[in-house]
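Have a look at the structure below, then the notes.
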Amino acid sequence: MADTKNATLTFGDKSLNLPILKPTLGPDVVDIRKLYADGDLFTFDPGFTSTAACESSITYIDGDKGELLYRGYPIEQLANKSSYLEVCYLLLYGDLPNAAQLEDFNNRVTRHTMVHEQLHYFFRGFRRDSHPMATMVGVVGAMSAFYHDSLDINDPWQREVAAIRLIAKLPTIAAMAYKYSLGQPFVYPKNSLDYASNFLHMCFAVPCEEYVVQPALSKAMDRIMMLHADHEQNASTSTVRLAGSSGANPFACIAAGIACLWGPAHGGANQAALEQLREIGSVDRIPEFIRQAKDKSSGIRLMGFGHRVYKNYDPRAKVMKESADEVLDLMGIHNNPTLQVAKELERIALEDEYFVAKKLYPNVDFYSGIILEAMGFPTSMFTPIFAISRAVGWIAQWKEMIADPTLKIGRPRQLYIGPAQRDYVEIKGR
Ligand code: ACO
């Protein structure tokens, strides 16, 4: 039962009034913070399908409409008119920068792109065939051993320095992980290049010849970064928040976020999606694959499809699909079989009763791999590129949480279903 201000929960002979909180957008939220103290009850919501774990003013998703807003701005407008560093500023500070603010922010990020020289040696401890995400989890976690002057989370200036360092150095670290896997020398960042071009240069340049970044590819990379920059309380962001709620340093928290992102149900889906499209290989094999994806006992899901929040077309996937056509055209790749399979798979799935009834639509990962592959990246680099792009969202959410004076350590409760208390039995009696 709910009026506009309170919900009433009645159980046994008790009745509790639970305040209803009003968001700017989205469904009302029942405040159950006093439920345990006043009612001796927990709520049960594995997977947090109906639980708001925090207040936030950064990103809003309307899953039914297929709408994504960063600080109120629609993702489509940002993807067409803005740039990744401008979006970073928006996410971190709440408003779009003016020209002077953007230049200052650009300079600050650009001047932090190099990593401590000693960090180079850290890479050598990894096998050359390590997945770059494994290397990134380790190296980003190790940053807390190198940047002691930005570890005090109670000092707003140190938080700011850590934020800039992470945004600036993650592309360098991801590119180093890639170069290390190839056995090629690391390429130092180049301050004359913009953020996306600098990343492409660090990945694809070699010391023995000049590498010129194609502006159109750098624009496409910048757009991929914008589309991935934040996505409210997804699994990796919630991981960063939970890690940070204990007072852990920002580098450790972002390393935790990277570890969570790696899973195939989350950021790892971009690699899995492209591998699946390649495995299907040709349009005539789609019906058989769709049959398997609908059969739970096959253990196969259509990767890059479905989303916890979107029950409509993911707006990021729409932009990504357009970008895929543009990039492949630019690279002179015509009739790409993977893109053909993807488009036909999407067409068939969107007409299939199973996918329609479950409201499963392409998500951001469905087309991103096709673009990254055309740019020359191996599939193992897809999730690291997601991590670079999402770092700003993790940091903005972490900063928002730390600055909140009501911050509490995140500590869920449980529905215990193990044995009740029993007495220890000596080994000979068991
Ligand atoms: N292929 C086939 N069936 C699917 C798919 C899929 N991709 N996704 C969901 N379903 C089915 C489930 O089997 C389930 O069926 P049921 O109701 O009969 O049991 C129903 O749809 C709901 O699925 P859940 O797994 O309960 O939904 P949830 O919200 O927990 O999961 C998730 C969302 C993890 C994204 C899921 O859709 C999935 O596994 N997709 C494939 C992986 C993927 O693309 N992940 C990227 C997500 S976006 C991102 O992180 C950037």
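Simple scheme: letters A, B, ... for chains in structure tokens order, numbers from 1 for residues in each chain, numbers from 1 for ligands in the order shown.
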Got a sec to check which residues lie within 6 Å of ligand 1, using only C-alpha atoms and all ligand atoms, and send them as a PDB file with all heavy atoms, in the first residue's frame?
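File written: selection03.pdb
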ATOM      1  N   ALA A 265      29.590 -11.666 -18.803  1.00  0.00           N
ATOM      2  CA  ALA A 265      28.233 -11.113 -18.693  1.00  0.00           C
ATOM      3  C   ALA A 265      28.280  -9.585 -18.688  1.00  0.00           C
ATOM      4  O   ALA A 265      27.250  -8.924 -18.793  1.00  0.00           O
ATOM      5  CB  ALA A 265      27.557 -11.612 -17.428  1.00  0.00           C
ATOM      6  N   HIS A 266      29.476  -9.019 -18.542  1.00  0.00           N
ATOM      7  CA  HIS A 266      29.616  -7.556 -18.444  1.00  0.00           C
ATOM      8  C   HIS A 266      30.529  -7.097 -19.589  1.00  0.00           C
ATOM      9  O   HIS A 266      30.259  -7.385 -20.740  1.00  0.00           O
ATOM     10  CB  HIS A 266      30.161  -7.245 -17.044  1.00  0.00           C
ATOM     11  CG  HIS A 266      30.135  -5.802 -16.628  1.00  0.00           C
ATOM     12  ND1 HIS A 266      29.481  -4.816 -17.320  1.00  0.00           N
ATOM     13  CD2 HIS A 266      30.702  -5.173 -15.556  1.00  0.00           C
ATOM     14  CE1 HIS A 266      29.643  -3.650 -16.693  1.00  0.00           C
ATOM     15  NE2 HIS A 266      30.392  -3.843 -15.623  1.00  0.00           N
ATOM     16  N   GLY A 267      31.652  -6.449 -19.285  1.00  0.00           N
ATOM     17  CA  GLY A 267      32.495  -5.875 -20.341  1.00  0.00           C
ATOM     18  C   GLY A 267      33.136  -6.920 -21.238  1.00  0.00           C
ATOM     19  O   GLY A 267      33.471  -6.635 -22.395  1.00  0.00           O
ATOM     20  N   ALA A 269      31.816  -9.148 -22.668  1.00  0.00           N
ATOM     21  CA  ALA A 269      30.893  -9.561 -23.737  1.00  0.00           C
ATOM     22  C   ALA A 269      31.330  -9.044 -25.106  1.00  0.00           C
ATOM     23  O   ALA A 269      30.982  -9.634 -26.121  1.00  0.00           O
ATOM     24  CB  ALA A 269      29.476  -9.077 -23.429  1.00  0.00           C
ATOM     25  N   ALA A 293      20.711 -20.709 -28.979  1.00  0.00           N
ATOM     26  CA  ALA A 293      20.674 -19.596 -28.014  1.00  0.00           C
ATOM     27  C   ALA A 293      19.358 -19.598 -27.227  1.00  0.00           C
ATOM     28  O   ALA A 293      19.294 -19.115 -26.093  1.00  0.00           O
ATOM     29  CB  ALA A 293      20.850 -18.265 -28.739  1.00  0.00           C
ATOM     30  N   LYS A 294      18.298 -20.188 -27.827  1.00  0.00           N
ATOM     31  CA  LYS A 294      17.001 -20.218 -27.133  1.00  0.00           C
ATOM     32  C   LYS A 294      16.881 -21.434 -26.219  1.00  0.00           C
ATOM     33  O   LYS A 294      15.978 -21.494 -25.392  1.00  0.00           O
ATOM     34  CB  LYS A 294      15.872 -20.234 -28.174  1.00  0.00           C
ATOM     35  CG  LYS A 294      15.805 -18.944 -28.981  1.00  0.00           C
ATOM     36  CD  LYS A 294      14.522 -18.818 -29.758  1.00  0.00           C
ATOM     37  CE  LYS A 294      14.364 -19.846 -30.848  1.00  0.00           C
ATOM     38  NZ  LYS A 294      13.223 -19.555 -31.726  1.00  0.00           N
ATOM     39  N   ARG A 301      24.398 -18.355 -25.064  1.00  0.00           N
ATOM     40  CA  ARG A 301      23.571 -17.150 -25.126  1.00  0.00           C
ATOM     41  C   ARG A 301      24.028 -16.311 -26.305  1.00  0.00           C
ATOM     42  O   ARG A 301      25.200 -16.397 -26.692  1.00  0.00           O
ATOM     43  CB  ARG A 301      23.746 -16.323 -23.852  1.00  0.00           C
ATOM     44  CG  ARG A 301      22.894 -16.811 -22.728  1.00  0.00           C
ATOM     45  CD  ARG A 301      22.937 -15.864 -21.544  1.00  0.00           C
ATOM     46  NE  ARG A 301      21.979 -16.341 -20.553  1.00  0.00           N
ATOM     47  CZ  ARG A 301      21.451 -15.600 -19.597  1.00  0.00           C
ATOM     48  NH1 ARG A 301      21.811 -14.342 -19.468  1.00  0.00           N
ATOM     49  NH2 ARG A 301      20.582 -16.108 -18.749  1.00  0.00           N
ATOM     50  N   LEU A 302      23.154 -15.520 -26.811  1.00  0.00           N
ATOM     51  CA  LEU A 302      23.546 -14.610 -27.879  1.00  0.00           C
ATOM     52  C   LEU A 302      24.287 -13.449 -27.223  1.00  0.00           C
ATOM     53  O   LEU A 302      23.678 -12.604 -26.555  1.00  0.00           O
ATOM     54  CB  LEU A 302      22.295 -14.153 -28.644  1.00  0.00           C
ATOM     55  CG  LEU A 302      22.479 -13.101 -29.730  1.00  0.00           C
ATOM     56  CD1 LEU A 302      23.609 -13.443 -30.680  1.00  0.00           C
ATOM     57  CD2 LEU A 302      21.180 -12.945 -30.515  1.00  0.00           C
ATOM     58  N   MET A 303      25.606 -13.430 -27.372  1.00  0.00           N
ATOM     59  CA  MET A 303      26.417 -12.414 -26.696  1.00  0.00           C
ATOM     60  C   MET A 303      26.213 -11.055 -27.371  1.00  0.00           C
ATOM     61  O   MET A 303      26.056 -10.982 -28.595  1.00  0.00           O
ATOM     62  CB  MET A 303      27.902 -12.802 -26.704  1.00  0.00           C
ATOM     63  CG  MET A 303      28.184 -14.119 -26.011  1.00  0.00           C
ATOM     64  SD  MET A 303      27.448 -14.252 -24.361  1.00  0.00           S
ATOM     65  CE  MET A 303      28.594 -13.315 -23.373  1.00  0.00           C
ATOM     66  N   GLY A 304      26.225  -9.998 -26.534  1.00  0.00           N
ATOM     67  CA  GLY A 304      25.954  -8.666 -27.085  1.00  0.00           C
ATOM     68  C   GLY A 304      24.464  -8.400 -27.204  1.00  0.00           C
ATOM     69  O   GLY A 304      24.045  -7.408 -27.795  1.00  0.00           O
ATOM     70  N   PHE A 305      23.664  -9.295 -26.629  1.00  0.00           N
ATOM     71  CA  PHE A 305      22.206  -9.154 -26.635  1.00  0.00           C
ATOM     72  C   PHE A 305      21.699  -9.208 -25.205  1.00  0.00           C
ATOM     73  O   PHE A 305      22.181  -9.996 -24.399  1.00  0.00           O
ATOM     74  CB  PHE A 305      21.569 -10.295 -27.427  1.00  0.00           C
ATOM     75  CG  PHE A 305      20.921  -9.837 -28.708  1.00  0.00           C
ATOM     76  CD1 PHE A 305      21.688  -9.435 -29.775  1.00  0.00           C
ATOM     77  CD2 PHE A 305      19.533  -9.808 -28.839  1.00  0.00           C
ATOM     78  CE1 PHE A 305      21.104  -9.012 -30.963  1.00  0.00           C
ATOM     79  CE2 PHE A 305      18.939  -9.388 -30.026  1.00  0.00           C
ATOM     80  CZ  PHE A 305      19.721  -8.989 -31.088  1.00  0.00           C
ATOM     81  N   GLY A 306      20.670  -8.420 -24.926  1.00  0.00           N
ATOM     82  CA  GLY A 306      20.040  -8.464 -23.601  1.00  0.00           C
ATOM     83  C   GLY A 306      20.730  -7.514 -22.643  1.00  0.00           C
ATOM     84  O   GLY A 306      21.915  -7.186 -22.798  1.00  0.00           O
ATOM     85  N   HIS A 307      19.975  -7.036 -21.689  1.00  0.00           N
ATOM     86  CA  HIS A 307      20.534  -6.103 -20.706  1.00  0.00           C
ATOM     87  C   HIS A 307      19.629  -6.077 -19.482  1.00  0.00           C
ATOM     88  O   HIS A 307      18.407  -6.184 -19.617  1.00  0.00           O
ATOM     89  CB  HIS A 307      20.629  -4.690 -21.310  1.00  0.00           C
ATOM     90  CG  HIS A 307      21.541  -3.795 -20.552  1.00  0.00           C
ATOM     91  ND1 HIS A 307      21.125  -3.081 -19.465  1.00  0.00           N
ATOM     92  CD2 HIS A 307      22.855  -3.544 -20.715  1.00  0.00           C
ATOM     93  CE1 HIS A 307      22.159  -2.398 -18.995  1.00  0.00           C
ATOM     94  NE2 HIS A 307      23.216  -2.659 -19.720  1.00  0.00           N
ATOM     95  N   ARG A 308      20.242  -5.936 -18.304  1.00  0.00           N
ATOM     96  CA  ARG A 308      19.443  -5.865 -17.086  1.00  0.00           C
ATOM     97  C   ARG A 308      18.487  -4.681 -17.098  1.00  0.00           C
ATOM     98  O   ARG A 308      17.339  -4.775 -16.662  1.00  0.00           O
ATOM     99  CB  ARG A 308      20.389  -5.768 -15.870  1.00  0.00           C
ATOM    100  CG  ARG A 308      19.706  -5.457 -14.544  1.00  0.00           C
ATOM    101  CD  ARG A 308      18.687  -6.495 -14.123  1.00  0.00           C
ATOM    102  NE  ARG A 308      19.245  -7.789 -13.904  1.00  0.00           N
ATOM    103  CZ  ARG A 308      19.941  -8.155 -12.825  1.00  0.00           C
ATOM    104  NH1 ARG A 308      20.149  -7.313 -11.850  1.00  0.00           N
ATOM    105  NH2 ARG A 308      20.416  -9.374 -12.729  1.00  0.00           N
ATOM    106  N   LYS A 358      11.081 -11.691 -24.345  1.00  0.00           N
ATOM    107  CA  LYS A 358      12.001 -11.394 -23.236  1.00  0.00           C
ATOM    108  C   LYS A 358      12.618 -10.004 -23.357  1.00  0.00           C
ATOM    109  O   LYS A 358      13.465  -9.618 -22.549  1.00  0.00           O
ATOM    110  CB  LYS A 358      13.100 -12.452 -23.170  1.00  0.00           C
ATOM    111  CG  LYS A 358      12.585 -13.838 -22.808  1.00  0.00           C
ATOM    112  CD  LYS A 358      13.719 -14.826 -22.642  1.00  0.00           C
ATOM    113  CE  LYS A 358      13.244 -16.258 -22.593  1.00  0.00           C
ATOM    114  NZ  LYS A 358      12.316 -16.556 -21.518  1.00  0.00           N
ATOM    115  N   ASN A 363      22.968  -4.889 -27.322  1.00  0.00           N
ATOM    116  CA  ASN A 363      23.545  -3.928 -26.381  1.00  0.00           C
ATOM    117  C   ASN A 363      24.828  -3.356 -26.985  1.00  0.00           C
ATOM    118  O   ASN A 363      25.209  -3.696 -28.104  1.00  0.00           O
ATOM    119  CB  ASN A 363      23.753  -4.561 -24.994  1.00  0.00           C
ATOM    120  CG  ASN A 363      24.707  -5.742 -25.033  1.00  0.00           C
ATOM    121  OD1 ASN A 363      25.797  -5.647 -25.597  1.00  0.00           O
ATOM    122  ND2 ASN A 363      24.313  -6.867 -24.431  1.00  0.00           N
ATOM    123  N   VAL A 364      25.503  -2.514 -26.220  1.00  0.00           N
ATOM    124  CA  VAL A 364      26.669  -1.773 -26.738  1.00  0.00           C
ATOM    125  C   VAL A 364      27.755  -2.699 -27.289  1.00  0.00           C
ATOM    126  O   VAL A 364      28.526  -2.326 -28.178  1.00  0.00           O
ATOM    127  CB  VAL A 364      27.231  -0.847 -25.618  1.00  0.00           C
ATOM    128  CG1 VAL A 364      27.859  -1.658 -24.494  1.00  0.00           C
ATOM    129  CG2 VAL A 364      28.223   0.166 -26.154  1.00  0.00           C
TER     130      VAL A 364
END
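Neighbouring residues of Gly393 in chain A at 7 Å or closer, counting only C-alpha atoms and skipping chain neighbours under 3 positions away, are A:Leu91, A:Ala229, A:Asp230, A:Arg390, A:Ala396, A:Gln397.
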Could you name the residues that touch Asp45 in chain A at 10 Å or less, counting only C-alpha atoms, but leaving out those on the same chain fewer than 4 positions away, as a tab-separated table (two decimals) with N, CA, C and O atoms, in the first residue's frame?
chain	number	residue	atom	x	y	z
A	49	THR	N	17.89	-6.46	-8.32
A	49	THR	CA	17.00	-6.11	-9.43
A	49	THR	C	16.03	-4.99	-9.06
A	49	THR	O	15.50	-4.31	-9.94
A	50	SER	N	15.76	-4.81	-7.76
A	50	SER	CA	14.81	-3.76	-7.35
A	50	SER	C	15.39	-2.87	-6.26
A	50	SER	O	14.64	-2.23	-5.53
A	51	THR	N	16.72	-2.86	-6.14
A	51	THR	CA	17.32	-2.12	-5.03
A	51	THR	C	18.18	-0.96	-5.52
A	51	THR	O	19.07	-1.17	-6.35
A	414	GLN	N	22.09	-11.14	4.55
A	414	GLN	CA	21.85	-12.38	3.81
A	414	GLN	C	20.63	-13.12	4.36
A	414	GLN	O	20.17	-12.85	5.47
A	415	LEU	N	20.15	-14.04	3.52
A	415	LEU	CA	19.11	-14.97	3.96
A	415	LEU	C	19.87	-16.27	4.26
A	415	LEU	O	20.23	-17.00	3.33
Subject >> Residue contacts of range 85-88 of chain A (9 Å, only C-alpha atoms) excluding same-chain residues fewer than 6 positions away, as a list in words >> reply: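 Once the nearby chain positions are removed, what remains is Tyr70, Leu78, Leu96, Pro97, Leu102, Phe105, Asn106, Val109, Ile167, Tyr195, Asp222, Met226, Ala229, Val392, Gly393 and Ala396 of chain A.
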Would you export the selected residues with N, CA, C and O atoms as a PDB file, in the first residue's frame, please?
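Contents of part.pdb, as written:
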ATOM      1  N   TYR A  70      23.844  11.470 -19.660  1.00  0.00           N
ATOM      2  CA  TYR A  70      24.977  11.808 -18.785  1.00  0.00           C
ATOM      3  C   TYR A  70      24.701  13.206 -18.241  1.00  0.00           C
ATOM      4  O   TYR A  70      24.650  14.169 -19.013  1.00  0.00           O
ATOM      5  N   LEU A  78      25.650  13.826 -27.305  1.00  0.00           N
ATOM      6  CA  LEU A  78      27.069  13.869 -26.921  1.00  0.00           C
ATOM      7  C   LEU A  78      27.913  13.141 -27.967  1.00  0.00           C
ATOM      8  O   LEU A  78      28.963  13.630 -28.376  1.00  0.00           O
ATOM      9  N   LEU A  96      28.937  20.933 -18.610  1.00  0.00           N
ATOM     10  CA  LEU A  96      29.860  21.023 -19.743  1.00  0.00           C
ATOM     11  C   LEU A  96      30.848  22.160 -19.483  1.00  0.00           C
ATOM     12  O   LEU A  96      30.466  23.201 -18.948  1.00  0.00           O
ATOM     13  N   PRO A  97      32.112  21.976 -19.857  1.00  0.00           N
ATOM     14  CA  PRO A  97      33.101  23.032 -19.607  1.00  0.00           C
ATOM     15  C   PRO A  97      32.993  24.161 -20.626  1.00  0.00           C
ATOM     16  O   PRO A  97      32.549  23.930 -21.752  1.00  0.00           O
ATOM     17  N   LEU A 102      37.886  23.582 -20.545  1.00  0.00           N
ATOM     18  CA  LEU A 102      38.223  22.372 -21.304  1.00  0.00           C
ATOM     19  C   LEU A 102      39.716  22.336 -21.618  1.00  0.00           C
ATOM     20  O   LEU A 102      40.361  21.282 -21.501  1.00  0.00           O
ATOM     21  N   PHE A 105      41.553  21.362 -18.484  1.00  0.00           N
ATOM     22  CA  PHE A 105      41.368  19.933 -18.181  1.00  0.00           C
ATOM     23  C   PHE A 105      42.202  19.069 -19.137  1.00  0.00           C
ATOM     24  O   PHE A 105      42.896  18.136 -18.723  1.00  0.00           O
ATOM     25  N   ASN A 106      42.148  19.436 -20.413  1.00  0.00           N
ATOM     26  CA  ASN A 106      42.935  18.753 -21.440  1.00  0.00           C
ATOM     27  C   ASN A 106      44.419  18.736 -21.081  1.00  0.00           C
ATOM     28  O   ASN A 106      45.083  17.703 -21.171  1.00  0.00           O
ATOM     29  N   VAL A 109      45.163  16.429 -18.054  1.00  0.00           N
ATOM     30  CA  VAL A 109      45.170  15.003 -18.415  1.00  0.00           C
ATOM     31  C   VAL A 109      46.415  14.691 -19.244  1.00  0.00           C
ATOM     32  O   VAL A 109      47.151  13.731 -18.970  1.00  0.00           O
ATOM     33  N   ILE A 167      42.623   8.657 -15.336  1.00  0.00           N
ATOM     34  CA  ILE A 167      42.110   8.903 -16.695  1.00  0.00           C
ATOM     35  C   ILE A 167      43.284   9.008 -17.683  1.00  0.00           C
ATOM     36  O   ILE A 167      43.230   8.494 -18.797  1.00  0.00           O
ATOM     37  N   TYR A 195      43.557  12.667 -26.999  1.00  0.00           N
ATOM     38  CA  TYR A 195      43.477  11.475 -26.134  1.00  0.00           C
ATOM     39  C   TYR A 195      43.347  10.176 -26.933  1.00  0.00           C
ATOM     40  O   TYR A 195      44.108   9.230 -26.742  1.00  0.00           O
ATOM     41  N   ASP A 222      37.303   7.884 -30.247  1.00  0.00           N
ATOM     42  CA  ASP A 222      36.804   8.861 -29.285  1.00  0.00           C
ATOM     43  C   ASP A 222      35.314   8.619 -29.003  1.00  0.00           C
ATOM     44  O   ASP A 222      34.859   8.671 -27.862  1.00  0.00           O
ATOM     45  N   MET A 226      33.306   7.669 -25.572  1.00  0.00           N
ATOM     46  CA  MET A 226      32.152   8.425 -25.028  1.00  0.00           C
ATOM     47  C   MET A 226      30.993   7.496 -24.699  1.00  0.00           C
ATOM     48  O   MET A 226      30.349   7.625 -23.662  1.00  0.00           O
ATOM     49  N   ALA A 229      31.501   5.651 -21.413  1.00  0.00           N
ATOM     50  CA  ALA A 229      32.085   6.403 -20.287  1.00  0.00           C
ATOM     51  C   ALA A 229      31.404   6.155 -18.934  1.00  0.00           C
ATOM     52  O   ALA A 229      32.075   6.151 -17.902  1.00  0.00           O
ATOM     53  N   VAL A 392      36.512   6.828 -16.272  1.00  0.00           N
ATOM     54  CA  VAL A 392      35.992   8.119 -15.813  1.00  0.00           C
ATOM     55  C   VAL A 392      34.677   7.944 -15.057  1.00  0.00           C
ATOM     56  O   VAL A 392      34.426   8.622 -14.055  1.00  0.00           O
ATOM     57  N   GLY A 393      33.843   7.031 -15.523  1.00  0.00           N
ATOM     58  CA  GLY A 393      32.576   6.785 -14.824  1.00  0.00           C
ATOM     59  C   GLY A 393      32.845   6.235 -13.425  1.00  0.00           C
ATOM     60  O   GLY A 393      32.252   6.679 -12.441  1.00  0.00           O
ATOM     61  N   ALA A 396      34.173   9.135 -11.325  1.00  0.00           N
ATOM     62  CA  ALA A 396      33.144  10.127 -10.992  1.00  0.00           C
ATOM     63  C   ALA A 396      32.228   9.580  -9.898  1.00  0.00           C
ATOM     64  O   ALA A 396      31.885  10.281  -8.939  1.00  0.00           O
TER      65      ALA A 396
END
List the neighbours of range 36-41 of chain A out to 8 Å using only C-alpha atoms; skip same-chain residues closer than 2 positions along the sequence, and give me the result as an mmCIF file with all heavy atoms, in the first residue's frame.
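Listing of selection25.cif after writing:
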data_model
loop_
_atom_site.group_PDB
_atom_site.id
_atom_site.type_symbol
_atom_site.label_atom_id
_atom_site.label_comp_id
_atom_site.auth_asym_id
_atom_site.auth_seq_id
_atom_site.Cartn_x
_atom_site.Cartn_y
_atom_site.Cartn_z
ATOM 1 N N LYS A 14 2.445 -6.104 13.224
ATOM 2 C CA LYS A 14 3.173 -4.829 13.074
ATOM 3 C C LYS A 14 2.770 -4.108 11.798
ATOM 4 O O LYS A 14 2.416 -4.730 10.803
ATOM 5 C CB LYS A 14 4.676 -5.099 13.001
ATOM 6 C CG LYS A 14 5.339 -5.263 14.344
ATOM 7 C CD LYS A 14 6.845 -5.208 14.169
ATOM 8 C CE LYS A 14 7.513 -5.452 15.512
ATOM 9 N NZ LYS A 14 8.885 -5.839 15.379
ATOM 10 N N LEU A 16 4.493 -0.839 9.541
ATOM 11 C CA LEU A 16 5.581 0.149 9.465
ATOM 12 C C LEU A 16 5.305 1.147 8.353
ATOM 13 O O LEU A 16 4.847 0.758 7.274
ATOM 14 C CB LEU A 16 6.917 -0.534 9.162
ATOM 15 C CG LEU A 16 7.495 -1.487 10.192
ATOM 16 C CD1 LEU A 16 8.798 -2.076 9.648
ATOM 17 C CD2 LEU A 16 7.764 -0.774 11.506
ATOM 18 N N ARG A 33 15.665 1.930 5.099
ATOM 19 C CA ARG A 33 16.846 1.926 5.968
ATOM 20 C C ARG A 33 16.548 1.546 7.414
ATOM 21 O O ARG A 33 17.376 1.006 8.099
ATOM 22 C CB ARG A 33 17.556 3.287 5.897
ATOM 23 C CG ARG A 33 18.477 3.395 4.707
ATOM 24 C CD ARG A 33 19.066 4.760 4.583
ATOM 25 N NE ARG A 33 18.065 5.748 4.174
ATOM 26 C CZ ARG A 33 18.348 7.022 3.898
ATOM 27 N NH1 ARG A 33 19.581 7.458 4.014
ATOM 28 N NH2 ARG A 33 17.404 7.853 3.521
ATOM 29 N N LYS A 34 15.308 1.845 7.868
ATOM 30 C CA LYS A 34 14.996 1.546 9.275
ATOM 31 C C LYS A 34 14.248 0.223 9.418
ATOM 32 O O LYS A 34 13.759 -0.098 10.515
ATOM 33 C CB LYS A 34 14.157 2.689 9.856
ATOM 34 C CG LYS A 34 14.921 4.008 9.923
ATOM 35 C CD LYS A 34 14.589 4.732 11.232
ATOM 36 C CE LYS A 34 15.540 5.884 11.478
ATOM 37 N NZ LYS A 34 15.015 7.167 11.053
ATOM 38 N N THR A 43 15.347 -7.294 3.587
ATOM 39 C CA THR A 43 14.738 -7.516 2.270
ATOM 40 C C THR A 43 15.643 -8.495 1.519
ATOM 41 O O THR A 43 16.813 -8.622 1.848
ATOM 42 C CB THR A 43 14.624 -6.205 1.466
ATOM 43 O OG1 THR A 43 15.909 -5.603 1.415
ATOM 44 C CG2 THR A 43 13.618 -5.273 2.083
#
Subject >> DSSP helix (DSSP H, G or I) residues within range 169-324 of chain A, as a ChimeraX atom specification >> reply: /A:169-182,195-204,215-228,235-245,250-261,269-280,283-294,296-298,315-324
**OP:** Would you mind listing what lies within 10 Å of Val309 in chain A as JSON, numbers by chain, with only C-alpha atoms counted and same-chain residues fewer than 3 positions away left out?
**Re:** {"A": [49, 61, 62, 63, 64, 66, 234, 306, 312, 314]}
Serialized selection, C-alpha atoms, as a short mmCIF file (atom, residue, chain, number, x, y, z; two decimals), in the first residue's frame:
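selection-v9.cif written:
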data_model
loop_
_atom_site.label_atom_id
_atom_site.label_comp_id
_atom_site.auth_asym_id
_atom_site.auth_seq_id
_atom_site.Cartn_x
_atom_site.Cartn_y
_atom_site.Cartn_z
CA THR A 49 17.00 -6.11 -9.43
CA ILE A 61 18.94 5.25 -17.89
CA ASP A 62 15.32 4.73 -18.89
CA GLY A 63 15.42 1.08 -19.87
CA ASP A 64 11.92 0.99 -21.38
CA GLY A 66 16.09 3.05 -24.39
CA ASN A 234 26.32 -1.46 -13.28
CA GLY A 306 20.04 -8.46 -23.60
CA ASN A 312 14.41 -1.64 -25.63
CA ASP A 314 20.36 0.14 -26.26
#
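The spacing separating CA of Pro315 in chain A from CA of His228 in chain A amounts to 11.4 Å.
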Original post:
What is the CA of Ile371 in chain A to CA of Ser298 in chain A distance in Å?
Top reply: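 These two atoms are separated by 28.8 Å.
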Original post:
Which neighbours of Cys203 in chain A fall inside 9 Å, counting only C-alpha atoms, when residues of the same chain fewer than 3 positions from it are skipped, and could you give them as a list in words?
Top reply: Thr172, Ala174, Ala175, Met176, Tyr178, Lys179, Phe186, Val187, Asn198, Phe199, Leu200, Val206 and Phe377 of chain A
For the selection you just gave me, I'd like the residues written to a file as a CSV table (one decimal), in the first residue's frame, keeping N, CA, C and O atoms.
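Result written to out.csv:
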chain,number,residue,atom,x,y,z
A,172,THR,N,47.7,4.5,-21.4
A,172,THR,CA,49.2,4.1,-21.5
A,172,THR,C,49.4,2.7,-21.0
A,172,THR,O,50.1,1.9,-21.7
A,174,ALA,N,47.1,0.2,-20.8
A,174,ALA,CA,46.5,-0.7,-21.7
A,174,ALA,C,47.4,-0.9,-23.0
A,174,ALA,O,47.6,-2.1,-23.4
A,175,ALA,N,47.9,0.2,-23.5
A,175,ALA,CA,48.7,0.1,-24.7
A,175,ALA,C,50.0,-0.7,-24.4
A,175,ALA,O,50.5,-1.5,-25.2
A,176,MET,N,50.6,-0.5,-23.2
A,176,MET,CA,51.8,-1.2,-22.8
A,176,MET,C,51.5,-2.7,-22.6
A,176,MET,O,52.3,-3.6,-23.0
A,178,TYR,N,49.4,-4.3,-24.3
A,178,TYR,CA,49.3,-4.8,-25.7
A,178,TYR,C,50.7,-5.0,-26.3
A,178,TYR,O,51.0,-6.1,-26.9
A,179,LYS,N,51.5,-4.0,-26.2
A,179,LYS,CA,52.8,-4.1,-26.7
A,179,LYS,C,53.6,-5.2,-26.1
A,179,LYS,O,54.4,-5.9,-26.8
A,186,PHE,N,57.7,-0.6,-25.7
A,186,PHE,CA,56.6,0.3,-25.3
A,186,PHE,C,56.8,1.6,-26.1
A,186,PHE,O,57.9,2.0,-26.4
A,187,VAL,N,55.6,2.2,-26.4
A,187,VAL,CA,55.7,3.5,-27.1
A,187,VAL,C,55.2,4.6,-26.1
A,187,VAL,O,54.1,4.5,-25.5
A,198,ASN,N,46.4,9.5,-29.3
A,198,ASN,CA,47.5,9.1,-28.5
A,198,ASN,C,47.4,7.6,-28.1
A,198,ASN,O,48.4,6.9,-28.2
A,199,PHE,N,46.2,7.2,-27.8
A,199,PHE,CA,46.1,5.7,-27.5
A,199,PHE,C,46.4,4.9,-28.7
A,199,PHE,O,47.1,3.9,-28.7
A,200,LEU,N,45.8,5.3,-29.9
A,200,LEU,CA,46.1,4.5,-31.1
A,200,LEU,C,47.5,4.5,-31.5
A,200,LEU,O,48.1,3.5,-31.9
A,206,VAL,N,55.6,1.9,-34.1
A,206,VAL,CA,56.9,1.2,-33.7
A,206,VAL,C,58.0,2.1,-33.9
A,206,VAL,O,57.9,3.1,-34.7
A,377,PHE,N,42.6,-4.0,-33.9
A,377,PHE,CA,42.8,-4.6,-32.5
A,377,PHE,C,42.5,-6.1,-32.5
A,377,PHE,O,41.5,-6.5,-33.1
Original post:
At what distance in Å, to one decimal, does CA of Arg411 in chain A lie from CA of Leu242 in chain A?
Top reply: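 A separation of 8.3 Å between them.
Residue nearest Met375 in chain A, chosen from A:Ser323, A:Gln421, A:Gln184, A:Thr237 and counting only C-alpha atoms: A:Ser323.
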